[in-house]
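Chemist: Following this line is data-v7.txt, made up of compact mmCIF, N, CA and C atoms:
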```
# COMPACT_ATOMS: atom_id res chain seq x y z
N MET N 17 -73.70 47.07 -34.38
CA MET N 17 -72.26 47.14 -34.48
C MET N 17 -71.74 45.75 -34.82
N GLU N 18 -70.87 45.68 -35.81
CA GLU N 18 -70.31 44.42 -36.25
C GLU N 18 -68.82 44.42 -35.97
N ARG N 19 -68.31 43.30 -35.48
CA ARG N 19 -66.89 43.20 -35.18
C ARG N 19 -66.23 42.27 -36.17
N GLY N 20 -64.99 42.55 -36.51
CA GLY N 20 -64.25 41.74 -37.47
C GLY N 20 -62.97 41.21 -36.87
N ILE N 21 -61.98 41.03 -37.71
CA ILE N 21 -60.71 40.44 -37.30
C ILE N 21 -59.73 41.56 -36.96
N VAL N 22 -58.98 41.39 -35.88
CA VAL N 22 -58.01 42.37 -35.43
C VAL N 22 -56.74 42.25 -36.27
N GLY N 23 -56.12 43.36 -36.56
CA GLY N 23 -54.82 43.32 -37.20
C GLY N 23 -54.76 44.16 -38.45
N GLU N 24 -54.06 43.63 -39.46
CA GLU N 24 -53.87 44.39 -40.68
C GLU N 24 -55.18 44.55 -41.43
N GLU N 25 -56.11 43.65 -41.20
CA GLU N 25 -57.45 43.83 -41.74
C GLU N 25 -58.19 44.77 -40.79
N THR N 26 -59.22 45.39 -41.27
CA THR N 26 -59.92 46.37 -40.45
C THR N 26 -61.07 45.75 -39.69
N LEU N 27 -61.42 46.39 -38.60
CA LEU N 27 -62.62 46.04 -37.85
C LEU N 27 -63.70 47.02 -38.29
N ARG N 28 -64.89 46.55 -38.56
CA ARG N 28 -65.97 47.41 -38.99
C ARG N 28 -66.79 47.87 -37.79
N VAL N 29 -66.89 49.16 -37.58
CA VAL N 29 -67.72 49.70 -36.52
C VAL N 29 -69.09 50.02 -37.10
N ASP N 30 -69.10 50.71 -38.20
CA ASP N 30 -70.33 50.95 -38.95
C ASP N 30 -69.94 51.04 -40.42
N SER N 31 -70.85 51.39 -41.27
CA SER N 31 -70.56 51.37 -42.70
C SER N 31 -69.57 52.44 -43.13
N ASP N 32 -69.34 53.46 -42.32
CA ASP N 32 -68.49 54.57 -42.72
C ASP N 32 -67.11 54.58 -42.06
N GLN N 33 -66.88 53.77 -41.05
CA GLN N 33 -65.67 53.92 -40.26
C GLN N 33 -64.96 52.59 -40.06
N SER N 34 -63.63 52.60 -40.23
CA SER N 34 -62.80 51.44 -39.96
C SER N 34 -62.01 51.70 -38.69
N VAL N 35 -61.76 50.65 -37.93
CA VAL N 35 -61.00 50.77 -36.69
C VAL N 35 -59.73 49.94 -36.85
N TRP N 36 -58.61 50.51 -36.44
CA TRP N 36 -57.30 49.85 -36.53
C TRP N 36 -56.79 49.58 -35.13
N THR N 37 -56.39 48.34 -34.87
CA THR N 37 -55.95 47.94 -33.54
C THR N 37 -54.43 47.95 -33.46
N LEU N 38 -53.93 48.61 -32.43
CA LEU N 38 -52.49 48.69 -32.18
C LEU N 38 -52.13 47.83 -30.98
N PHE N 39 -50.96 47.20 -31.04
CA PHE N 39 -50.42 46.43 -29.94
C PHE N 39 -49.40 47.32 -29.24
N VAL N 40 -49.54 47.49 -27.93
CA VAL N 40 -48.63 48.32 -27.14
C VAL N 40 -47.95 47.42 -26.11
N HIS N 41 -46.63 47.37 -26.14
CA HIS N 41 -45.87 46.49 -25.26
C HIS N 41 -45.03 47.30 -24.29
N ASN N 42 -44.87 46.79 -23.09
CA ASN N 42 -44.05 47.39 -22.03
C ASN N 42 -44.73 48.60 -21.38
N ILE N 43 -46.00 48.43 -21.03
CA ILE N 43 -46.75 49.48 -20.33
C ILE N 43 -46.41 49.40 -18.84
N THR N 44 -45.97 50.49 -18.26
CA THR N 44 -45.58 50.51 -16.85
C THR N 44 -46.78 50.23 -15.94
N ASP N 45 -46.53 49.68 -14.77
CA ASP N 45 -47.58 49.39 -13.80
C ASP N 45 -48.26 50.67 -13.30
N ARG N 46 -47.56 51.79 -13.39
CA ARG N 46 -48.10 53.06 -12.90
C ARG N 46 -49.16 53.64 -13.82
N LEU N 47 -49.33 53.07 -15.01
CA LEU N 47 -50.22 53.64 -15.99
C LEU N 47 -51.51 52.83 -16.11
N HIS N 48 -52.63 53.48 -15.88
CA HIS N 48 -53.97 52.90 -15.99
C HIS N 48 -54.43 53.03 -17.44
N TRP N 49 -55.47 52.28 -17.83
CA TRP N 49 -55.95 52.36 -19.22
C TRP N 49 -56.37 53.77 -19.58
N LYS N 50 -56.87 54.53 -18.61
CA LYS N 50 -57.29 55.91 -18.88
C LYS N 50 -56.08 56.77 -19.27
N GLY N 51 -54.95 56.51 -18.63
CA GLY N 51 -53.73 57.24 -18.97
C GLY N 51 -53.23 56.91 -20.36
N VAL N 52 -53.33 55.63 -20.73
CA VAL N 52 -52.95 55.22 -22.09
C VAL N 52 -53.87 55.94 -23.08
N TRP N 53 -55.15 55.97 -22.78
CA TRP N 53 -56.12 56.66 -23.65
C TRP N 53 -55.72 58.12 -23.84
N GLN N 54 -55.41 58.81 -22.74
CA GLN N 54 -55.06 60.23 -22.83
C GLN N 54 -53.81 60.47 -23.68
N VAL N 55 -52.79 59.64 -23.51
CA VAL N 55 -51.56 59.80 -24.27
C VAL N 55 -51.82 59.57 -25.76
N PHE N 56 -52.51 58.50 -26.09
CA PHE N 56 -52.75 58.16 -27.48
C PHE N 56 -53.74 59.13 -28.13
N ASP N 57 -54.68 59.63 -27.37
CA ASP N 57 -55.69 60.53 -27.90
C ASP N 57 -55.10 61.87 -28.35
N ARG N 58 -53.93 62.21 -27.88
CA ARG N 58 -53.26 63.43 -28.32
C ARG N 58 -52.76 63.33 -29.76
N HIS N 59 -52.71 62.10 -30.29
CA HIS N 59 -52.15 61.87 -31.62
C HIS N 59 -53.18 61.34 -32.62
N GLY N 60 -54.40 61.09 -32.17
CA GLY N 60 -55.46 60.60 -33.04
C GLY N 60 -56.67 60.22 -32.20
N VAL N 61 -57.73 59.81 -32.88
CA VAL N 61 -58.98 59.48 -32.20
C VAL N 61 -58.94 58.04 -31.69
N VAL N 62 -59.02 57.88 -30.37
CA VAL N 62 -59.01 56.56 -29.74
C VAL N 62 -60.44 56.07 -29.60
N VAL N 63 -60.67 54.81 -29.99
CA VAL N 63 -61.98 54.20 -29.88
C VAL N 63 -62.08 53.36 -28.61
N ASP N 64 -60.98 52.68 -28.25
CA ASP N 64 -61.02 51.76 -27.11
C ASP N 64 -59.60 51.45 -26.66
N VAL N 65 -59.42 51.18 -25.37
CA VAL N 65 -58.15 50.73 -24.81
C VAL N 65 -58.42 49.51 -23.95
N PHE N 66 -57.60 48.47 -24.11
CA PHE N 66 -57.74 47.26 -23.31
C PHE N 66 -56.36 46.81 -22.85
N ILE N 67 -56.19 46.68 -21.53
CA ILE N 67 -54.96 46.15 -20.95
C ILE N 67 -55.33 44.90 -20.17
N PRO N 68 -54.96 43.72 -20.69
CA PRO N 68 -55.30 42.48 -19.98
C PRO N 68 -54.51 42.34 -18.67
N HIS N 69 -54.98 41.47 -17.80
CA HIS N 69 -54.28 41.24 -16.53
C HIS N 69 -53.01 40.42 -16.71
N ARG N 70 -52.98 39.59 -17.74
CA ARG N 70 -51.79 38.77 -17.97
C ARG N 70 -50.63 39.60 -18.50
N ARG N 71 -49.44 39.04 -18.42
CA ARG N 71 -48.23 39.73 -18.85
C ARG N 71 -47.50 38.90 -19.89
N SER N 72 -46.52 39.53 -20.53
CA SER N 72 -45.69 38.80 -21.49
C SER N 72 -44.80 37.81 -20.73
N ARG N 73 -44.13 36.96 -21.45
CA ARG N 73 -43.22 35.99 -20.80
C ARG N 73 -42.11 36.69 -20.02
N ALA N 74 -41.76 37.89 -20.45
CA ALA N 74 -40.73 38.67 -19.76
C ALA N 74 -41.30 39.44 -18.56
N GLY N 75 -42.60 39.28 -18.31
CA GLY N 75 -43.22 39.93 -17.16
C GLY N 75 -43.68 41.35 -17.42
N ARG N 76 -43.73 41.75 -18.67
CA ARG N 76 -44.12 43.12 -19.00
C ARG N 76 -45.60 43.20 -19.33
N ARG N 77 -46.20 44.34 -19.00
CA ARG N 77 -47.61 44.58 -19.34
C ARG N 77 -47.73 44.98 -20.80
N PHE N 78 -48.83 44.62 -21.39
CA PHE N 78 -49.11 44.99 -22.76
C PHE N 78 -50.59 45.32 -22.89
N GLY N 79 -50.97 45.90 -24.00
CA GLY N 79 -52.37 46.24 -24.21
C GLY N 79 -52.67 46.50 -25.67
N PHE N 80 -53.92 46.83 -25.92
CA PHE N 80 -54.39 47.10 -27.27
C PHE N 80 -55.14 48.42 -27.29
N VAL N 81 -54.84 49.23 -28.30
CA VAL N 81 -55.51 50.51 -28.47
C VAL N 81 -56.14 50.50 -29.86
N ARG N 82 -57.42 50.77 -29.92
CA ARG N 82 -58.12 50.81 -31.21
C ARG N 82 -58.25 52.26 -31.63
N MET N 83 -57.77 52.55 -32.83
CA MET N 83 -57.79 53.90 -33.39
C MET N 83 -58.87 54.01 -34.45
N ALA N 84 -59.40 55.23 -34.64
CA ALA N 84 -60.53 55.45 -35.53
C ALA N 84 -60.19 55.37 -37.02
N SER N 85 -58.93 55.56 -37.38
CA SER N 85 -58.57 55.51 -38.80
C SER N 85 -57.15 55.00 -38.99
N LYS N 86 -56.86 54.60 -40.21
CA LYS N 86 -55.51 54.13 -40.55
C LYS N 86 -54.51 55.27 -40.37
N GLU N 87 -54.90 56.48 -40.73
CA GLU N 87 -54.02 57.64 -40.60
C GLU N 87 -53.67 57.89 -39.13
N ASP N 88 -54.67 57.79 -38.25
CA ASP N 88 -54.42 57.96 -36.82
C ASP N 88 -53.49 56.88 -36.30
N ALA N 89 -53.72 55.64 -36.73
CA ALA N 89 -52.88 54.52 -36.29
C ALA N 89 -51.44 54.73 -36.74
N ASP N 90 -51.26 55.11 -38.00
CA ASP N 90 -49.90 55.35 -38.52
C ASP N 90 -49.21 56.49 -37.77
N ARG N 91 -49.96 57.54 -37.47
CA ARG N 91 -49.40 58.69 -36.75
C ARG N 91 -48.95 58.28 -35.35
N VAL N 92 -49.77 57.49 -34.67
CA VAL N 92 -49.42 57.03 -33.31
C VAL N 92 -48.18 56.15 -33.35
N ILE N 93 -48.11 55.24 -34.30
CA ILE N 93 -46.93 54.37 -34.41
C ILE N 93 -45.68 55.21 -34.64
N GLU N 94 -45.77 56.16 -35.56
CA GLU N 94 -44.62 57.01 -35.87
C GLU N 94 -44.16 57.82 -34.67
N ARG N 95 -45.11 58.35 -33.90
CA ARG N 95 -44.77 59.25 -32.79
C ARG N 95 -44.48 58.54 -31.48
N LEU N 96 -45.14 57.41 -31.20
CA LEU N 96 -45.03 56.81 -29.87
C LEU N 96 -44.23 55.52 -29.81
N ASN N 97 -43.91 54.90 -30.95
CA ASN N 97 -43.09 53.70 -30.91
C ASN N 97 -41.69 54.07 -30.42
N GLY N 98 -41.27 53.49 -29.31
CA GLY N 98 -39.97 53.80 -28.71
C GLY N 98 -40.02 54.97 -27.73
N PHE N 99 -41.20 55.52 -27.52
CA PHE N 99 -41.39 56.66 -26.61
C PHE N 99 -41.27 56.21 -25.16
N TRP N 100 -40.61 57.02 -24.34
CA TRP N 100 -40.51 56.72 -22.91
C TRP N 100 -41.77 57.23 -22.23
N LEU N 101 -42.51 56.32 -21.60
CA LEU N 101 -43.78 56.65 -20.97
C LEU N 101 -43.72 56.24 -19.51
N TYR N 102 -43.61 57.21 -18.62
CA TYR N 102 -43.51 56.96 -17.18
C TYR N 102 -42.38 55.98 -16.85
N GLY N 103 -41.24 56.18 -17.46
CA GLY N 103 -40.05 55.39 -17.15
C GLY N 103 -39.93 54.07 -17.89
N ALA N 104 -40.82 53.79 -18.81
CA ALA N 104 -40.74 52.55 -19.60
C ALA N 104 -40.80 52.91 -21.08
N ARG N 105 -39.93 52.30 -21.85
CA ARG N 105 -39.93 52.54 -23.30
C ARG N 105 -40.93 51.60 -23.95
N VAL N 106 -42.01 52.16 -24.49
CA VAL N 106 -43.07 51.34 -25.07
C VAL N 106 -42.81 51.09 -26.55
N SER N 107 -43.29 49.94 -27.02
CA SER N 107 -43.28 49.68 -28.46
C SER N 107 -44.73 49.65 -28.92
N VAL N 108 -44.96 50.25 -30.07
CA VAL N 108 -46.31 50.35 -30.62
C VAL N 108 -46.27 49.85 -32.06
N SER N 109 -47.17 48.92 -32.39
CA SER N 109 -47.24 48.39 -33.75
C SER N 109 -48.67 47.96 -34.04
N LEU N 110 -48.96 47.71 -35.32
CA LEU N 110 -50.26 47.17 -35.67
C LEU N 110 -50.40 45.79 -35.05
N ALA N 111 -51.55 45.50 -34.50
CA ALA N 111 -51.79 44.16 -33.94
C ALA N 111 -51.84 43.18 -35.10
N ILE N 112 -51.25 42.01 -34.90
CA ILE N 112 -51.18 41.00 -35.96
C ILE N 112 -52.28 39.99 -35.76
N ARG N 113 -53.05 39.79 -36.78
CA ARG N 113 -54.16 38.84 -36.74
C ARG N 113 -53.66 37.43 -36.42
N GLY N 114 -54.30 36.81 -35.45
CA GLY N 114 -53.96 35.43 -35.12
C GLY N 114 -52.76 35.28 -34.21
N ALA N 115 -52.12 36.37 -33.83
CA ALA N 115 -50.96 36.26 -32.94
C ALA N 115 -51.44 36.01 -31.53
N ASN N 116 -50.96 34.94 -30.92
CA ASN N 116 -51.38 34.65 -29.55
C ASN N 116 -50.19 34.61 -28.61
N LYS N 117 -49.01 34.96 -29.11
CA LYS N 117 -47.83 35.02 -28.27
C LYS N 117 -47.42 36.46 -28.10
N VAL N 118 -46.93 36.79 -26.94
CA VAL N 118 -46.43 38.12 -26.67
C VAL N 118 -44.91 38.06 -26.71
N SER N 119 -44.31 38.92 -27.48
CA SER N 119 -42.86 38.95 -27.65
C SER N 119 -42.17 39.26 -26.33
N ASP N 120 -40.98 38.70 -26.14
CA ASP N 120 -40.19 39.00 -24.95
C ASP N 120 -39.30 40.22 -25.14
N ALA N 121 -39.33 40.79 -26.32
CA ALA N 121 -38.47 41.93 -26.62
C ALA N 121 -38.85 43.17 -25.85
```
Is it possible to give me this structure as structure tokens?
Modeler:
Amino acid sequence: MERGIVGEETLRVDSDQSVWTLFVHNITDRLHWKGVWQVFDRHGVVVDVFIPHRRSRAGRRFGFVRMASKEDADRVIERLNGFWLYGARVSVSLAIRGANKVSDA
């Protein structure tokens, strides 16, 4: 398995499949990574979910969801960006390569 750069460029899992990484902001404390997986998996094939322990400057939780295809990633963004998830309105977007700051928005 070979890993590449996160973001608008693709990550290579194998020769046939590209993985697209999404940035998810404002994840409620009540939601575990497994719950994020279940919600996102209803809209496309989820490869991996990661929620770091650190928070944004505004104190909000964020995470990354890797989707199996560009089509799945686009579908998730269209359907879940701005969606209310357990009392918190989440934002979902493609992860930006080289971004090391978390927005306060």
Chemist: With only C-alpha atoms as the atoms that count, which of N:Phe66, N:Glu87, N:Gly79, N:Asp45 lies nearest to N:Val108?
Modeler: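 For N:Val108, the nearest of the given residues is N:Gly79.
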Chemist: At most 6.5 Å from (-44.9, 54.0, -30.3), file frame, only N, CA and C atoms: which residues, as a PDB file with N, CA and C atoms, keeping the file's coordinate frame?
Modeler:
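Result file is selection.pdb:
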```pdb
ATOM      1  N   VAL N  92     -49.770  57.490 -34.670  1.00  0.00           N
ATOM      2  CA  VAL N  92     -49.420  57.030 -33.310  1.00  0.00           C
ATOM      3  C   VAL N  92     -48.180  56.150 -33.350  1.00  0.00           C
ATOM      4  N   ILE N  93     -48.110  55.240 -34.300  1.00  0.00           N
ATOM      5  CA  ILE N  93     -46.930  54.370 -34.410  1.00  0.00           C
ATOM      6  C   ILE N  93     -45.680  55.210 -34.640  1.00  0.00           C
ATOM      7  N   GLU N  94     -45.770  56.160 -35.560  1.00  0.00           N
ATOM      8  CA  GLU N  94     -44.620  57.010 -35.870  1.00  0.00           C
ATOM      9  C   GLU N  94     -44.160  57.820 -34.670  1.00  0.00           C
ATOM     10  N   ARG N  95     -45.110  58.350 -33.900  1.00  0.00           N
ATOM     11  CA  ARG N  95     -44.770  59.250 -32.790  1.00  0.00           C
ATOM     12  C   ARG N  95     -44.480  58.540 -31.480  1.00  0.00           C
ATOM     13  N   LEU N  96     -45.140  57.410 -31.200  1.00  0.00           N
ATOM     14  CA  LEU N  96     -45.030  56.810 -29.870  1.00  0.00           C
ATOM     15  C   LEU N  96     -44.230  55.520 -29.810  1.00  0.00           C
ATOM     16  N   ASN N  97     -43.910  54.900 -30.950  1.00  0.00           N
ATOM     17  CA  ASN N  97     -43.090  53.700 -30.910  1.00  0.00           C
ATOM     18  C   ASN N  97     -41.690  54.070 -30.420  1.00  0.00           C
ATOM     19  N   GLY N  98     -41.270  53.490 -29.310  1.00  0.00           N
ATOM     20  CA  GLY N  98     -39.970  53.800 -28.710  1.00  0.00           C
ATOM     21  C   GLY N  98     -40.020  54.970 -27.730  1.00  0.00           C
ATOM     22  N   PHE N  99     -41.200  55.520 -27.520  1.00  0.00           N
ATOM     23  CA  PHE N  99     -41.390  56.660 -26.610  1.00  0.00           C
ATOM     24  C   PHE N  99     -41.270  56.210 -25.160  1.00  0.00           C
ATOM     25  N   VAL N 106     -42.010  52.160 -24.490  1.00  0.00           N
ATOM     26  CA  VAL N 106     -43.070  51.340 -25.070  1.00  0.00           C
ATOM     27  C   VAL N 106     -42.810  51.090 -26.550  1.00  0.00           C
ATOM     28  N   SER N 107     -43.290  49.940 -27.020  1.00  0.00           N
ATOM     29  CA  SER N 107     -43.280  49.680 -28.460  1.00  0.00           C
ATOM     30  C   SER N 107     -44.730  49.650 -28.920  1.00  0.00           C
ATOM     31  N   VAL N 108     -44.960  50.250 -30.070  1.00  0.00           N
ATOM     32  CA  VAL N 108     -46.310  50.350 -30.620  1.00  0.00           C
ATOM     33  C   VAL N 108     -46.270  49.850 -32.060  1.00  0.00           C
ATOM     34  N   SER N 109     -47.170  48.920 -32.390  1.00  0.00           N
ATOM     35  CA  SER N 109     -47.240  48.390 -33.750  1.00  0.00           C
ATOM     36  C   SER N 109     -48.670  47.960 -34.040  1.00  0.00           C
TER      37      SER N 109
END
```
Chemist: With all atoms listed in the file as the counted atoms, please give the residues lying no more than 6 Å from N:Asn42, apart from itself and same-chain residues fewer than 3 positions off, as a list in words.
Modeler: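 My reading of the contact set: Arg76, Arg77, Phe78, Ala104, Arg105, Val106 and Ser107 of chain N.
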Chemist: Rounded to one decimal in Å, what is the spacing between atom CA of N:Tyr102 and atom CA of N:Ser85?
Modeler: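 Taking atom CA of N:Tyr102 as the start and atom CA of N:Ser85 as the end point, the length is 26.4 Å.
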Chemist: Which residue is closest to N:Asp88? Choose from N:Trp36, N:Gly60, N:Gly51, N:His41 and count all atoms listed in the file.
Modeler: N:Gly60
Chemist: I'd like the neighbourhood of N:Lys50 as a PyMOL selection string, where a residue qualifies if any of its atoms comes within 12 Å (using only C-alpha atoms), though same-chain residues fewer than 3 positions away should be ignored.
Modeler: chain N and resi 46-47+53-57+62+64-67+81
Chemist: Go ahead and write the selection's residues with N, CA and C atoms as a PDB file, in the coordinates of the input.
Modeler:
```
ATOM      1  N   ARG N  46     -47.560  51.790 -13.390  1.00  0.00           N
ATOM      2  CA  ARG N  46     -48.100  53.060 -12.900  1.00  0.00           C
ATOM      3  C   ARG N  46     -49.160  53.640 -13.820  1.00  0.00           C
ATOM      4  N   LEU N  47     -49.330  53.070 -15.010  1.00  0.00           N
ATOM      5  CA  LEU N  47     -50.220  53.640 -15.990  1.00  0.00           C
ATOM      6  C   LEU N  47     -51.510  52.830 -16.110  1.00  0.00           C
ATOM      7  N   TRP N  53     -55.150  55.970 -22.780  1.00  0.00           N
ATOM      8  CA  TRP N  53     -56.120  56.660 -23.650  1.00  0.00           C
ATOM      9  C   TRP N  53     -55.720  58.120 -23.840  1.00  0.00           C
ATOM     10  N   GLN N  54     -55.410  58.810 -22.740  1.00  0.00           N
ATOM     11  CA  GLN N  54     -55.060  60.230 -22.830  1.00  0.00           C
ATOM     12  C   GLN N  54     -53.810  60.470 -23.680  1.00  0.00           C
ATOM     13  N   VAL N  55     -52.790  59.640 -23.510  1.00  0.00           N
ATOM     14  CA  VAL N  55     -51.560  59.800 -24.270  1.00  0.00           C
ATOM     15  C   VAL N  55     -51.820  59.570 -25.760  1.00  0.00           C
ATOM     16  N   PHE N  56     -52.510  58.500 -26.090  1.00  0.00           N
ATOM     17  CA  PHE N  56     -52.750  58.160 -27.480  1.00  0.00           C
ATOM     18  C   PHE N  56     -53.740  59.130 -28.130  1.00  0.00           C
ATOM     19  N   ASP N  57     -54.680  59.630 -27.370  1.00  0.00           N
ATOM     20  CA  ASP N  57     -55.690  60.530 -27.900  1.00  0.00           C
ATOM     21  C   ASP N  57     -55.100  61.870 -28.350  1.00  0.00           C
ATOM     22  N   VAL N  62     -59.020  57.880 -30.370  1.00  0.00           N
ATOM     23  CA  VAL N  62     -59.010  56.560 -29.740  1.00  0.00           C
ATOM     24  C   VAL N  62     -60.440  56.070 -29.600  1.00  0.00           C
ATOM     25  N   ASP N  64     -60.980  52.680 -28.250  1.00  0.00           N
ATOM     26  CA  ASP N  64     -61.020  51.760 -27.110  1.00  0.00           C
ATOM     27  C   ASP N  64     -59.600  51.450 -26.660  1.00  0.00           C
ATOM     28  N   VAL N  65     -59.420  51.180 -25.370  1.00  0.00           N
ATOM     29  CA  VAL N  65     -58.150  50.730 -24.810  1.00  0.00           C
ATOM     30  C   VAL N  65     -58.420  49.510 -23.950  1.00  0.00           C
ATOM     31  N   PHE N  66     -57.600  48.470 -24.110  1.00  0.00           N
ATOM     32  CA  PHE N  66     -57.740  47.260 -23.310  1.00  0.00           C
ATOM     33  C   PHE N  66     -56.360  46.810 -22.850  1.00  0.00           C
ATOM     34  N   ILE N  67     -56.190  46.680 -21.530  1.00  0.00           N
ATOM     35  CA  ILE N  67     -54.960  46.150 -20.950  1.00  0.00           C
ATOM     36  C   ILE N  67     -55.330  44.900 -20.170  1.00  0.00           C
ATOM     37  N   VAL N  81     -54.840  49.230 -28.300  1.00  0.00           N
ATOM     38  CA  VAL N  81     -55.510  50.510 -28.470  1.00  0.00           C
ATOM     39  C   VAL N  81     -56.140  50.500 -29.860  1.00  0.00           C
TER      40      VAL N  81
END
```
Chemist: Have a look at N:Arg113, N:Arg82, N:His69, N:Ile43 and name the one nearest to N:Leu101; count all atoms listed in the file.
Modeler: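 Nearest to N:Leu101: N:Ile43.
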Chemist: Atom CA of N:Thr37 to atom CA of N:Ala89: how many Å, to one decimal?
Modeler: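 Separating atom CA of N:Thr37 from atom CA of N:Ala89 is a distance of 7.8 Å.
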Chemist: Using atom CA of N:Trp100 and atom N of N:Ala84 as the two end points, give the distance in Å to one decimal.
Modeler: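 Atom N of N:Ala84 lies at a distance of 22.3 Å from atom CA of N:Trp100.
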Chemist: For stretch 95-111 of chain N, supply N, CA, C and O atoms and format the output as a CSV table (one decimal), keeping the file's coordinate frame.
Modeler:
```
chain,number,residue,atom,x,y,z
N,95,ARG,N,-45.1,58.4,-33.9
N,95,ARG,CA,-44.8,59.2,-32.8
N,95,ARG,C,-44.5,58.5,-31.5
N,95,ARG,O,-43.7,59.0,-30.7
N,96,LEU,N,-45.1,57.4,-31.2
N,96,LEU,CA,-45.0,56.8,-29.9
N,96,LEU,C,-44.2,55.5,-29.8
N,96,LEU,O,-43.9,55.1,-28.7
N,97,ASN,N,-43.9,54.9,-31.0
N,97,ASN,CA,-43.1,53.7,-30.9
N,97,ASN,C,-41.7,54.1,-30.4
N,97,ASN,O,-41.0,54.9,-31.0
N,98,GLY,N,-41.3,53.5,-29.3
N,98,GLY,CA,-40.0,53.8,-28.7
N,98,GLY,C,-40.0,55.0,-27.7
N,98,GLY,O,-39.0,55.3,-27.1
N,99,PHE,N,-41.2,55.5,-27.5
N,99,PHE,CA,-41.4,56.7,-26.6
N,99,PHE,C,-41.3,56.2,-25.2
N,99,PHE,O,-41.7,55.1,-24.8
N,100,TRP,N,-40.6,57.0,-24.3
N,100,TRP,CA,-40.5,56.7,-22.9
N,100,TRP,C,-41.8,57.2,-22.2
N,100,TRP,O,-42.1,58.4,-22.3
N,101,LEU,N,-42.5,56.3,-21.6
N,101,LEU,CA,-43.8,56.6,-21.0
N,101,LEU,C,-43.7,56.2,-19.5
N,101,LEU,O,-43.7,55.1,-19.2
N,102,TYR,N,-43.6,57.2,-18.6
N,102,TYR,CA,-43.5,57.0,-17.2
N,102,TYR,C,-42.4,56.0,-16.8
N,102,TYR,O,-42.5,55.1,-16.1
N,103,GLY,N,-41.2,56.2,-17.5
N,103,GLY,CA,-40.0,55.4,-17.2
N,103,GLY,C,-39.9,54.1,-17.9
N,103,GLY,O,-39.0,53.3,-17.6
N,104,ALA,N,-40.8,53.8,-18.8
N,104,ALA,CA,-40.7,52.6,-19.6
N,104,ALA,C,-40.8,52.9,-21.1
N,104,ALA,O,-41.6,53.7,-21.5
N,105,ARG,N,-39.9,52.3,-21.8
N,105,ARG,CA,-39.9,52.5,-23.3
N,105,ARG,C,-40.9,51.6,-24.0
N,105,ARG,O,-40.7,50.4,-24.0
N,106,VAL,N,-42.0,52.2,-24.5
N,106,VAL,CA,-43.1,51.3,-25.1
N,106,VAL,C,-42.8,51.1,-26.6
N,106,VAL,O,-42.2,51.9,-27.2
N,107,SER,N,-43.3,49.9,-27.0
N,107,SER,CA,-43.3,49.7,-28.5
N,107,SER,C,-44.7,49.6,-28.9
N,107,SER,O,-45.6,49.1,-28.2
N,108,VAL,N,-45.0,50.2,-30.1
N,108,VAL,CA,-46.3,50.4,-30.6
N,108,VAL,C,-46.3,49.8,-32.1
N,108,VAL,O,-45.4,50.3,-32.8
N,109,SER,N,-47.2,48.9,-32.4
N,109,SER,CA,-47.2,48.4,-33.8
N,109,SER,C,-48.7,48.0,-34.0
N,109,SER,O,-49.5,47.9,-33.1
N,110,LEU,N,-49.0,47.7,-35.3
N,110,LEU,CA,-50.3,47.2,-35.7
N,110,LEU,C,-50.4,45.8,-35.0
N,110,LEU,O,-49.4,45.0,-35.1
N,111,ALA,N,-51.6,45.5,-34.5
N,111,ALA,CA,-51.8,44.2,-33.9
N,111,ALA,C,-51.8,43.2,-35.1
N,111,ALA,O,-52.4,43.5,-36.2
```
